[in-house]
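J.: My structure is below; once you've seen it, I'll send some questions.
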Number of protein chains: 2
Amino acid sequence: MKRKGFVYQGSEIYGGLAGIWEFGHIGKLMKDNLTNVWKKFFLNLDDNFYEIEGSVIMPEDVFKASGHLDNFDDPLAECFKCGTTNRADKIIEEKLNRREESKTNEELLKILNENNLNCPKCGNKFEKVTTFNMMFPITYGPKGGQTVYLRPETAQTPYLDFKMQHELLRKKLPMGLATIGRAFRNEISPKNSLIRCREFEQAELQIFFNPRNINEERISDIANFSDIKNEKLIVMLQNERESQVKEISPEELLEYGLPKFYIYYMAKVQDYILNVLKIPKEKFRLYELNDKEKAFYNKNHFDVEWFSEELNDWIEIGGVHYRTDHDLKGHEKVSKTKLKVLDEETKERFIPHVLELSFGHWRNFYMLLEEHLHYDEGRENNVLKLPKKLAPLKASVFPLINKPEFQDTAREIHSDLVENDIISSFDKSGSIGKRYARADEIGTPYCITVDHDTLETGIVTVRDRDSTNQIKIHKDKISETIQNLINNKVTLSKL
Amino acid sequence: MKRKGFVYQGSEIYGGLAGIWEFGHIGKLMKDNLTNVWKKFFLNLDDNFYEIEGSVIMPEDVFKASGHLDNFDDPLAECFKCGTTNRADKIIEEKLNRREESKTNEELLKILNENNLNCPKCGNKFEKVTTFNMMFPITYGPKGGQTVYLRPETAQTPYLDFKMQHELLRKKLPMGLATIGRAFRNEISPKNSLIRCREFEQAELQIFFNPRNINEERISDIANFSDIKNEKLIVMLQNERESQVKEISPEELLEYGLPKFYIYYMAKVQDYILNVLKIPKEKFRLYELNDKEKAFYNKNHFDVEWFSEELNDWIEIGGVHYRTDHDLKGHEKVSKTKLKVLDEETKERFIPHVLELSFGHWRNFYMLLEEHLHYDEGRENNVLKLPKKLAPLKASVFPLINKPEFQDTAREIHSDLVENDIISSFDKSGSIGKRYARADEIGTPYCITVDHDTLETGIVTVRDRDSTNQIKIHKDKISETIQNLINNKVTLSKL
């Protein structure tokens with residue numbers, strides 16, 4: 001990730017800051033593409049889904065209402081001998097391979113001690129597990145009287161803005177408010193680069209709806225439950241942990257007890273991961289949390305999981321959370337602002353329920369890199385076979401020879417691509433083979449070479465990243481052709 | 001800004017948090033457009049300009065090196081009677097209409113007292129002016145041993161990443177690293193919404209270059225000083241404050257003593273503000289700061305200023321800062337990491353100099369709204385005449401009548417626009433006149449109406465925001481036409 005400029009640790013010249021990561025020039029382009037692909041997919045699931053952008057600083061009352069002030073804790077096992085800090089539940093998970101998300105501090109300490117799980121650094125026995133709140137408090141304003149927090153999840157922004165946006169958007173439900181942005185958690189042990197950071201991004205969609213309609217056939221103006229009836233959902237249900245992951249139909253999930261509204265969006269999330277991000281289905285599952293594991297405010301909770309070969313583990317890359325009216329109710333109570341809306345049919349006022357589709361934006365980024373990077377024996381170099389929409393650069397233009405006439409034409413083509421909003425690079429150094437290899441490694445789908453032919457006839461060579469096939473095309477057609485190829489409106493073999 | 005969903009105060013249901021603002025669904029779209037327009041303009045000024053994205057949390061040493069820990073202060077006049085906190089220099093600026101950016105605390109107190117500038121809330125006389133550091137410290141990690149800061153400017157990210165990016169980008173200079181992102185300042189008195197906030201965004205480009213070449217004709221591989229020779233720059237020089245702003249040529253600025261490299265980018269900044277953001281030139285000036293006013297590390301410093309009718313004042317919306325080797329030198333010293341690079345010609349090692357093009361991203365946003373919103377007497381509604389690329393929505397599709405056949409066709413057109421990445425809305429409520437007015441107010445350039453004609457012949461009516469002219473066009477041509485209109489590849493009158 002570092003060598004090609006995707007991602008590296010923050011403040012590296014100062015030795016790096018634990019849990020902090022930065023995006024280099026290539027990584028930034030790719031992350032923006034992921035953002036755009038996410039937005040295009042999720043915001044277009046309904047007419048009434050929008051993105052908003054809030055602040056990362058929020059007042060203390062917000063987290064009183066949300067429960068984060070009281071409950072957003074991790075169990076801290078501090079070694080009294082060497083001073084290392086560890087997450088008690090993670091040590092157990094790693095060493096004993098079991099999840100302990102609902103134990104008390106005393107129970108965790110007992111498990112650690114009984115299994116001889118001592119300080120990983122100095123081997124000392126742990127004497128205490130304490131509760132550690134993961135939010136970052138900040139002293140706000142010049143007089144220092146006010147404590148505020150960096151938000152630990154982006155979700156609170158849509159909840160606070162719900163009332164205003166609901167009025168702005170003509171009081172229609174379902175209404176979706178998406179937020180893609182930074183969140184901050186004072187993790188006890190940040191690790192695995194983008195997987196567990198202290199500063200990171202989430203991409204979340206909060207869907208506010210009338211709970212009366214949760215089992216209606218009609219999901220929204222443009223969506224129906226029957227639209228997904230032929231999908232098979234890849235799930236691991238809470239009572240079937242020992243068995244295999246299974247593929248079951250929406251009908252079966254309905255019988256299992258999940259509401260239509262929930263199943264519909266589970267299917268959409270799966271569609272996104274498998275068909276947009278192109279993750280193989282054997283590495284994907286929707287993992288149901290049981291009552292002990294899930295947050296107390298979630299009525300239904302499936303983690304979206306991906307199996308990382310590199311980390312040899314299932315990684316939570318997102319979640320589908322039926323948060324009910326927990327959040328809005330909490331904010332109504334603490335803020336003393338009425339958040340009820342009118343049910344047009346029954347004329348009753350009610351607090352909308354929330355279905356949250358949540359994605360660890362950087363974990364998704366990490367997944368894409370691991371999943372799509374392959375070593376190609378024939379070419380003897382890495383090829384990053386990202387879906388084309390996600391590729392950092394869409395094209396790279398090469399003058400065959402370092403002479404002005406070749407360079408000028410190559411630059412002309414490059415400028416035309418840029419003018420048409422197609423992110424491309426101009427690369428004049430090294431052999432064409434080396435330039436191809438460089439483009440492959442960062443996933444550039446199309447390389448365009450300006451050769452002697454071009455100077456005479458205007459014809460350039462376009463080479464395809466995945467097949468290495470080459471086609472000849474007139475330079476005046478380049479921008480249009482690349483655009484159509486990226487959008488899958490044509491295929492190379494048809495040109 | 002609030003009524004249409006552009007911008008509103010953060011945590012409003014909790015009474016709002018001072019200095020914190022959020023972007024509603026329309027504002028977010030427009031801000032993203034501003035980001036894209038900025039990137040397209042500035043990143044394409046050279047082949048070797050890239051965007052990176054860093055963390056907002058940075059370790060203390062960074063700000064020791066940059067000088068922020070010692071010098072990033074504002075003069076705080078706290079009223080000992082009622083407790084209000086005020087910025088001493090801003091009270092003087094507002095009441096006496098003079099800038100006091102270089103006075104000591106004692107001098108400021110004297111000016112306040114001599115001019116009877118008392119507490120604006122309770123009228124009490126100020127007794128003390130103290131120094132207040134504007135950074136937000138954070139206790140980092142579970143043991144609380146480390147102090148880190150929220151970055152007060154985005155610029156430090158490129159400085160820290162310089163060495164790595166320079167190697168990644170094949171050691172070429174000039175190299176530009178842009179960052180668009182959040183910065184945080186504990187302002188004493190946040191005010192005027194997006195103009196002075198505590199959490200805000202900057203869009204900055206740091207250009208690293210060899211100081212030996214600062215007066216070369218050749219600016220980069222693709223840019224020359226002579227490219228701008230016919231521009232007239234709108235400046236207010238430091239010794240000519242009493243006189244009018246004047247328009248002078250690059251040659252004259254060269255004689256005045258500014259380097260070519262600096263003048264070239266001044267011209268580009270002006271080009272951006274006047275020709276891309278379409279700000280009238282009488283409301284624009286490049287304001288030179290004198291030695292007392294400018295930051296001690298800036299050798300040349302012009303503020304980019306815009307005159308706000310609403311605020312009745314010149315507002316700093318950006319700056320062109322020749323920061324020399326101040327920042328890299330500071331980081332080399334404190335981090336003990338070598339940041340020198342090789343001069344290919346002289347074979348000497350040197351620390352690159354930095355020219356910073358800095359924009360208050362949200363101030364630019366504010367400027368765009370104020371500048372382009374006009375009340376139209378004929379239409380009797382507001383029209384937001386934003387440059388089309390900046391408009392939140394590019395099109396809105398209206399079924400003339402609320403019947404399925406009209407709606408279905410309108411939805412079909414809307415979906416096709418979305419599929420082609422043209423942000424559009426579907427609006428079926430109210431008269432066509434009302435829908436036009438709604439679209440005008442948020443700056444939607446094109447409204448597309450599906451009427452009886454459409455059902456028979458496929459022809460829709462496209463109405464232009466600025467002229468209200470209407471043309472007829474076949475629905476299958478809509479996406480392509482709107483795209484071409486937005487990109488100014490065709491004009492409505494030619495269709």
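Starting from 1 in every chain, residues are counted up; chains themselves are A, B, ... following the order of the structure tokens, and ligands are numbered from 1 as listed.
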Within 12 Å of Asp416 (chain A), counting only C-alpha atoms, which residues show up once you throw out same-chain ones fewer than 3 positions away? Write them as a PyMOL selection string, please.
T.: (chain A and resi 395+397+409-413+419-426+475-480+482-483) or (chain B and resi 44)
J.: Would you mind exporting C-alpha atoms of the selected residues as a PDB file, in the first residue's frame?
T.:
```
ATOM      1  CA  ALA A 395      -5.842   5.795 -18.515  1.00  0.00           C
ATOM      2  CA  VAL A 397      -0.721   8.051 -22.110  1.00  0.00           C
ATOM      3  CA  THR A 409       0.712  14.312 -29.380  1.00  0.00           C
ATOM      4  CA  ALA A 410       0.654  12.299 -26.167  1.00  0.00           C
ATOM      5  CA  ARG A 411       0.095  15.471 -24.164  1.00  0.00           C
ATOM      6  CA  GLU A 412      -2.680  16.514 -26.480  1.00  0.00           C
ATOM      7  CA  ILE A 413      -4.466  13.212 -25.852  1.00  0.00           C
ATOM      8  CA  GLU A 419     -10.884  18.030 -20.245  1.00  0.00           C
ATOM      9  CA  ASN A 420     -13.462  15.248 -20.355  1.00  0.00           C
ATOM     10  CA  ASP A 421     -13.008  14.516 -16.630  1.00  0.00           C
ATOM     11  CA  ILE A 422     -11.214  11.233 -17.238  1.00  0.00           C
ATOM     12  CA  ILE A 423      -8.410  11.004 -14.680  1.00  0.00           C
ATOM     13  CA  SER A 424      -5.284  10.018 -16.574  1.00  0.00           C
ATOM     14  CA  SER A 425      -1.531  10.299 -16.359  1.00  0.00           C
ATOM     15  CA  PHE A 426       1.221  11.117 -18.813  1.00  0.00           C
ATOM     16  CA  LYS A 475      -6.783   9.656 -31.316  1.00  0.00           C
ATOM     17  CA  ASP A 476      -9.808  11.884 -31.798  1.00  0.00           C
ATOM     18  CA  LYS A 477     -12.001   9.054 -30.541  1.00  0.00           C
ATOM     19  CA  ILE A 478      -9.975   8.341 -27.399  1.00  0.00           C
ATOM     20  CA  SER A 479     -11.919  10.232 -24.739  1.00  0.00           C
ATOM     21  CA  GLU A 480     -15.267   8.969 -25.935  1.00  0.00           C
ATOM     22  CA  ILE A 482     -12.363   5.320 -22.794  1.00  0.00           C
ATOM     23  CA  GLN A 483     -15.498   6.792 -21.249  1.00  0.00           C
TER      24      GLN A 483
ATOM     25  CA  ASN B  44      -4.164  20.571 -13.872  1.00  0.00           C
TER      26      ASN B  44
END
```
J.: Give the residues of chain A that lie within 6 Å of chain B; count only C-alpha atoms, and format the answer as a PyMOL selection string.
T.: chain A and resi 14+22-25+28+50-54+141-142+186+188+335
J.: Go ahead and dump the residues you just picked, N, CA and C atoms, as a compact mmCIF listing (two decimals), in the first residue's frame.
T.:
```txt
# COMPACT_ATOMS: atom_id res chain seq x y z
N TYR A 14 7.84 11.62 11.94
CA TYR A 14 7.95 11.72 13.40
C TYR A 14 7.80 10.34 14.06
N GLU A 22 -2.84 7.78 6.33
CA GLU A 22 -3.06 8.83 5.33
C GLU A 22 -3.12 8.22 3.93
N PHE A 23 -3.76 8.93 3.05
CA PHE A 23 -3.91 8.46 1.67
C PHE A 23 -3.00 9.26 0.75
N GLY A 24 -2.09 8.54 0.09
CA GLY A 24 -1.22 9.16 -0.89
C GLY A 24 -1.99 9.49 -2.15
N HIS A 25 -1.28 10.01 -3.16
CA HIS A 25 -1.97 10.53 -4.35
C HIS A 25 -2.81 9.46 -5.06
N LYS A 28 -5.81 8.35 -2.63
CA LYS A 28 -6.87 9.36 -2.55
C LYS A 28 -7.81 9.25 -3.74
N TYR A 50 -30.64 11.16 0.41
CA TYR A 50 -29.74 12.29 0.19
C TYR A 50 -28.51 12.18 1.06
N GLU A 51 -27.49 12.89 0.65
CA GLU A 51 -26.29 12.95 1.47
C GLU A 51 -26.23 14.29 2.19
N ILE A 52 -25.82 14.26 3.44
CA ILE A 52 -25.57 15.50 4.18
C ILE A 52 -24.16 15.42 4.76
N GLU A 53 -23.64 16.56 5.20
CA GLU A 53 -22.29 16.52 5.79
C GLU A 53 -22.28 17.32 7.07
N GLY A 54 -21.98 16.66 8.17
CA GLY A 54 -22.01 17.33 9.46
C GLY A 54 -20.62 17.56 10.02
N GLY A 141 -14.01 26.30 23.23
CA GLY A 141 -14.24 27.72 23.51
C GLY A 141 -13.10 28.29 24.33
N PRO A 142 -12.96 29.59 24.31
CA PRO A 142 -11.79 30.20 24.94
C PRO A 142 -11.78 30.10 26.46
N ASN A 186 -10.87 6.28 20.45
CA ASN A 186 -9.60 6.11 21.14
C ASN A 186 -9.37 4.62 21.40
N ILE A 188 -8.05 1.01 22.14
CA ILE A 188 -7.01 0.56 23.06
C ILE A 188 -5.80 0.01 22.29
N SER A 335 -32.87 16.60 24.19
CA SER A 335 -32.86 17.94 23.58
C SER A 335 -34.16 18.69 23.85
```
J.: Quick one: residues within 10 Å of Val383 (chain B), only C-alpha atoms counted, chain neighbours fewer than 4 positions away excluded, as an MDAnalysis selection string?
T.: chainID B and resid 372:376 379 436:444 465:466
J.: Could you pull out the alpha helix (DSSP H) residues of region 254-420 of chain B, going by DSSP on the backbone, and write them as a short mmCIF file (atom, residue, chain, number, x, y, z; two decimals) with C-alpha atoms, in the first residue's frame?
T.:
```cif
data_model
loop_
_atom_site.label_atom_id
_atom_site.label_comp_id
_atom_site.auth_asym_id
_atom_site.auth_seq_id
_atom_site.Cartn_x
_atom_site.Cartn_y
_atom_site.Cartn_z
CA LEU B 254 8.31 41.83 -11.72
CA GLU B 255 9.80 45.32 -11.54
CA TYR B 256 8.07 45.76 -8.18
CA LYS B 260 8.15 35.11 -11.73
CA PHE B 261 7.12 31.87 -10.06
CA TYR B 262 5.02 33.86 -7.59
CA ILE B 263 3.42 36.16 -10.16
CA TYR B 264 2.52 33.23 -12.39
CA TYR B 265 0.44 31.61 -9.66
CA MET B 266 -1.08 34.93 -8.56
CA ALA B 267 -2.41 35.21 -12.09
CA LYS B 268 -3.78 31.68 -11.96
CA VAL B 269 -5.57 32.36 -8.68
CA GLN B 270 -7.12 35.49 -10.15
CA ASP B 271 -8.12 33.54 -13.27
CA HIS B 326 10.44 27.58 6.76
CA ASP B 327 8.20 24.54 7.17
CA LEU B 328 10.41 21.79 5.77
CA LYS B 329 13.38 23.19 7.65
CA GLY B 330 11.42 23.17 10.89
CA HIS B 331 10.30 19.60 10.36
CA GLU B 332 13.79 18.47 9.42
CA LYS B 333 15.10 19.92 12.64
CA VAL B 334 12.46 18.56 14.99
CA SER B 335 11.85 15.18 13.32
CA HIS B 361 -13.19 26.41 1.14
CA TRP B 362 -16.31 27.39 3.08
CA ARG B 363 -15.70 31.10 2.63
CA ASN B 364 -15.59 30.47 -1.11
CA PHE B 365 -18.86 28.60 -0.79
CA TYR B 366 -20.41 31.52 1.07
CA MET B 367 -19.11 33.95 -1.56
CA LEU B 368 -20.67 31.91 -4.36
CA LEU B 369 -24.08 31.95 -2.72
CA GLU B 370 -24.04 35.66 -1.99
CA GLU B 371 -22.62 36.61 -5.35
CA HIS B 372 -24.90 34.53 -7.56
CA PRO B 404 -48.94 7.36 -14.18
CA GLU B 405 -48.09 7.75 -17.86
CA PHE B 406 -46.53 11.18 -17.31
CA GLN B 407 -44.77 10.07 -14.16
CA ASP B 408 -43.38 6.91 -15.74
CA THR B 409 -41.86 8.81 -18.63
CA ALA B 410 -40.47 11.47 -16.31
CA ARG B 411 -38.93 8.79 -14.10
CA GLU B 412 -37.42 7.12 -17.12
CA ILE B 413 -35.70 10.37 -18.11
CA HIS B 414 -34.60 10.97 -14.52
CA SER B 415 -33.10 7.46 -14.31
CA ASP B 416 -31.27 7.95 -17.56
CA LEU B 417 -29.75 11.21 -16.25
CA VAL B 418 -28.69 9.46 -13.04
CA GLU B 419 -27.23 6.57 -15.01
#
```
J.: Record the distance separating CA of Leu390 (chain B) and CA of Ile459 (chain B), expressed in Å with one decimal.
T.: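 Pair CA of Leu390 (chain B) / CA of Ile459 (chain B) returns 27.7 Å.
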J.: Mind giving me the straight-line distance from CA of Asn298 (chain A) to CA of Ile317 (chain A) in Å, one decimal?
T.: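 One can read the CA of Asn298 (chain A) to CA of Ile317 (chain A) distance as 17.6 Å.
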J.: As an exercise, work out the distance from CA of Phe41 (chain A) to CA of Arg323 (chain A) in Å and give it to one decimal place.
T.: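 Here the two named atoms are 22.0 Å from each other.
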J.: Using DSSP on the backbone, list every residue of region 208-264 of chain B that comes out as strand (DSSP E or B), and give them as a PDB file with N, CA, C and O atoms, in the first residue's frame.
T.:
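Ended up saving to result05.pdb:
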```pdb
ATOM      1  N   PHE B 208       6.130  22.688  -4.126  1.00  0.00           N
ATOM      2  CA  PHE B 208       7.533  22.577  -3.712  1.00  0.00           C
ATOM      3  C   PHE B 208       8.398  22.822  -4.939  1.00  0.00           C
ATOM      4  O   PHE B 208       8.189  22.188  -5.979  1.00  0.00           O
ATOM      5  N   PHE B 209       9.369  23.713  -4.817  1.00  0.00           N
ATOM      6  CA  PHE B 209      10.180  24.025  -6.001  1.00  0.00           C
ATOM      7  C   PHE B 209      11.612  24.359  -5.598  1.00  0.00           C
ATOM      8  O   PHE B 209      11.913  24.610  -4.432  1.00  0.00           O
ATOM      9  N   ARG B 218      10.574  29.395 -17.472  1.00  0.00           N
ATOM     10  CA  ARG B 218       9.855  28.122 -17.493  1.00  0.00           C
ATOM     11  C   ARG B 218       9.373  27.799 -16.076  1.00  0.00           C
ATOM     12  O   ARG B 218      10.160  27.623 -15.159  1.00  0.00           O
ATOM     13  N   ILE B 219       8.073  27.733 -15.911  1.00  0.00           N
ATOM     14  CA  ILE B 219       7.483  27.473 -14.590  1.00  0.00           C
ATOM     15  C   ILE B 219       7.456  25.971 -14.324  1.00  0.00           C
ATOM     16  O   ILE B 219       7.748  25.507 -13.231  1.00  0.00           O
ATOM     17  N   SER B 220       7.086  25.209 -15.352  1.00  0.00           N
ATOM     18  CA  SER B 220       7.053  23.748 -15.235  1.00  0.00           C
ATOM     19  C   SER B 220       7.096  23.166 -16.638  1.00  0.00           C
ATOM     20  O   SER B 220       7.200  23.905 -17.614  1.00  0.00           O
ATOM     21  N   ALA B 223       4.123  24.864 -18.359  1.00  0.00           N
ATOM     22  CA  ALA B 223       3.741  26.251 -18.086  1.00  0.00           C
ATOM     23  C   ALA B 223       4.931  27.195 -18.203  1.00  0.00           C
ATOM     24  O   ALA B 223       6.046  26.869 -17.793  1.00  0.00           O
ATOM     25  N   ASN B 224       4.663  28.352 -18.786  1.00  0.00           N
ATOM     26  CA  ASN B 224       5.691  29.382 -18.920  1.00  0.00           C
ATOM     27  C   ASN B 224       5.172  30.714 -18.422  1.00  0.00           C
ATOM     28  O   ASN B 224       3.973  31.001 -18.533  1.00  0.00           O
ATOM     29  N   LEU B 233      -3.198  42.149 -13.393  1.00  0.00           N
ATOM     30  CA  LEU B 233      -3.500  41.676 -12.039  1.00  0.00           C
ATOM     31  C   LEU B 233      -4.090  42.796 -11.180  1.00  0.00           C
ATOM     32  O   LEU B 233      -3.601  43.931 -11.188  1.00  0.00           O
ATOM     33  N   ILE B 234      -5.137  42.433 -10.457  1.00  0.00           N
ATOM     34  CA  ILE B 234      -5.861  43.414  -9.646  1.00  0.00           C
ATOM     35  C   ILE B 234      -5.270  43.376  -8.237  1.00  0.00           C
ATOM     36  O   ILE B 234      -5.533  42.452  -7.472  1.00  0.00           O
ATOM     37  N   VAL B 235      -4.451  44.371  -7.938  1.00  0.00           N
ATOM     38  CA  VAL B 235      -3.715  44.312  -6.675  1.00  0.00           C
ATOM     39  C   VAL B 235      -3.879  45.587  -5.848  1.00  0.00           C
ATOM     40  O   VAL B 235      -4.177  46.664  -6.371  1.00  0.00           O
ATOM     41  N   MET B 236      -3.682  45.427  -4.554  1.00  0.00           N
ATOM     42  CA  MET B 236      -3.507  46.575  -3.681  1.00  0.00           C
ATOM     43  C   MET B 236      -2.170  46.350  -2.987  1.00  0.00           C
ATOM     44  O   MET B 236      -2.042  45.478  -2.119  1.00  0.00           O
ATOM     45  N   LYS B 246      -5.339  48.733  -8.136  1.00  0.00           N
ATOM     46  CA  LYS B 246      -4.994  48.973  -9.526  1.00  0.00           C
ATOM     47  C   LYS B 246      -4.765  47.690 -10.304  1.00  0.00           C
ATOM     48  O   LYS B 246      -4.515  46.635  -9.728  1.00  0.00           O
ATOM     49  N   GLU B 247      -4.889  47.814 -11.607  1.00  0.00           N
ATOM     50  CA  GLU B 247      -4.649  46.654 -12.463  1.00  0.00           C
ATOM     51  C   GLU B 247      -3.292  46.817 -13.099  1.00  0.00           C
ATOM     52  O   GLU B 247      -3.056  47.773 -13.835  1.00  0.00           O
ATOM     53  N   ILE B 248      -2.387  45.902 -12.804  1.00  0.00           N
ATOM     54  CA  ILE B 248      -1.061  46.032 -13.383  1.00  0.00           C
ATOM     55  C   ILE B 248      -0.602  44.734 -14.032  1.00  0.00           C
ATOM     56  O   ILE B 248      -1.127  43.653 -13.762  1.00  0.00           O
TER      57      ILE B 248
END
```
J.: For Glu101 (chain A), list every protein, DNA or RNA residue within 9 Å, evaluated using only C-alpha atoms, and leave out those in the same chain fewer than 6 positions away; present the list as a list of chain:residue names.
T.: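 Returned residues: A:Asp89, A:Lys292, A:Glu293, A:Lys294.
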J.: Just the residues within 7 Å of Tyr446 (chain A), please, counting only C-alpha atoms, with nothing from its chain fewer than 3 positions along; format it as an MDAnalysis selection string.
T.: chainID A and resid 394:396 462:465
J.: Residues as selected, C-alpha atoms, written as an mmCIF file, in the first residue's frame, can you do that?
T.:
```cif
data_model
loop_
_atom_site.group_PDB
_atom_site.id
_atom_site.type_symbol
_atom_site.label_atom_id
_atom_site.label_comp_id
_atom_site.auth_asym_id
_atom_site.auth_seq_id
_atom_site.Cartn_x
_atom_site.Cartn_y
_atom_site.Cartn_z
ATOM 1 C CA LYS A 394 -8.569 5.437 -15.935
ATOM 2 C CA ALA A 395 -5.842 5.795 -18.515
ATOM 3 C CA SER A 396 -2.174 6.509 -18.963
ATOM 4 C CA VAL A 462 -4.968 1.064 -26.556
ATOM 5 C CA ARG A 463 -3.980 -1.807 -24.310
ATOM 6 C CA ASP A 464 -6.371 -3.470 -21.879
ATOM 7 C CA ARG A 465 -5.163 -4.115 -18.311
#
```
J.: Identify, on the basis of only C-alpha atoms, every residue whose closest approach to Leu109 (chain A) does not exceed 9 Å; exclude the query and any residue fewer than 5 positions from it along the same chain; express the result as a compact mmCIF listing (two decimals) with N, CA, C and O atoms, in the first residue's frame.
T.:
```
# COMPACT_ATOMS: atom_id res chain seq x y z
N ALA A 77 -7.29 -4.15 29.56
CA ALA A 77 -6.41 -4.93 30.43
C ALA A 77 -5.05 -4.27 30.40
O ALA A 77 -4.32 -4.39 29.42
N ALA A 88 -9.00 -6.66 26.50
CA ALA A 88 -9.16 -7.99 27.11
C ALA A 88 -9.90 -8.94 26.17
O ALA A 88 -9.48 -10.08 25.95
N THR A 104 -18.69 -9.31 31.70
CA THR A 104 -18.30 -8.21 32.59
C THR A 104 -16.77 -8.19 32.70
O THR A 104 -16.09 -9.15 32.30
N GLU A 114 -7.56 -17.79 33.99
CA GLU A 114 -7.76 -19.25 33.93
C GLU A 114 -7.05 -19.87 32.73
O GLU A 114 -6.66 -21.03 32.77
N PHE A 126 -2.37 -10.52 34.31
CA PHE A 126 -3.23 -9.34 34.43
C PHE A 126 -3.93 -9.35 35.78
O PHE A 126 -4.38 -10.40 36.25
N GLU A 127 -4.00 -8.18 36.42
CA GLU A 127 -4.63 -8.11 37.74
C GLU A 127 -5.99 -7.44 37.71
O GLU A 127 -6.77 -7.51 38.65
N LYS A 128 -6.26 -6.75 36.62
CA LYS A 128 -7.51 -5.99 36.60
C LYS A 128 -7.95 -5.71 35.15
O LYS A 128 -7.10 -5.45 34.28
N VAL A 129 -9.25 -5.77 34.92
CA VAL A 129 -9.80 -5.30 33.64
C VAL A 129 -10.71 -4.13 33.98
O VAL A 129 -11.56 -4.23 34.86
```
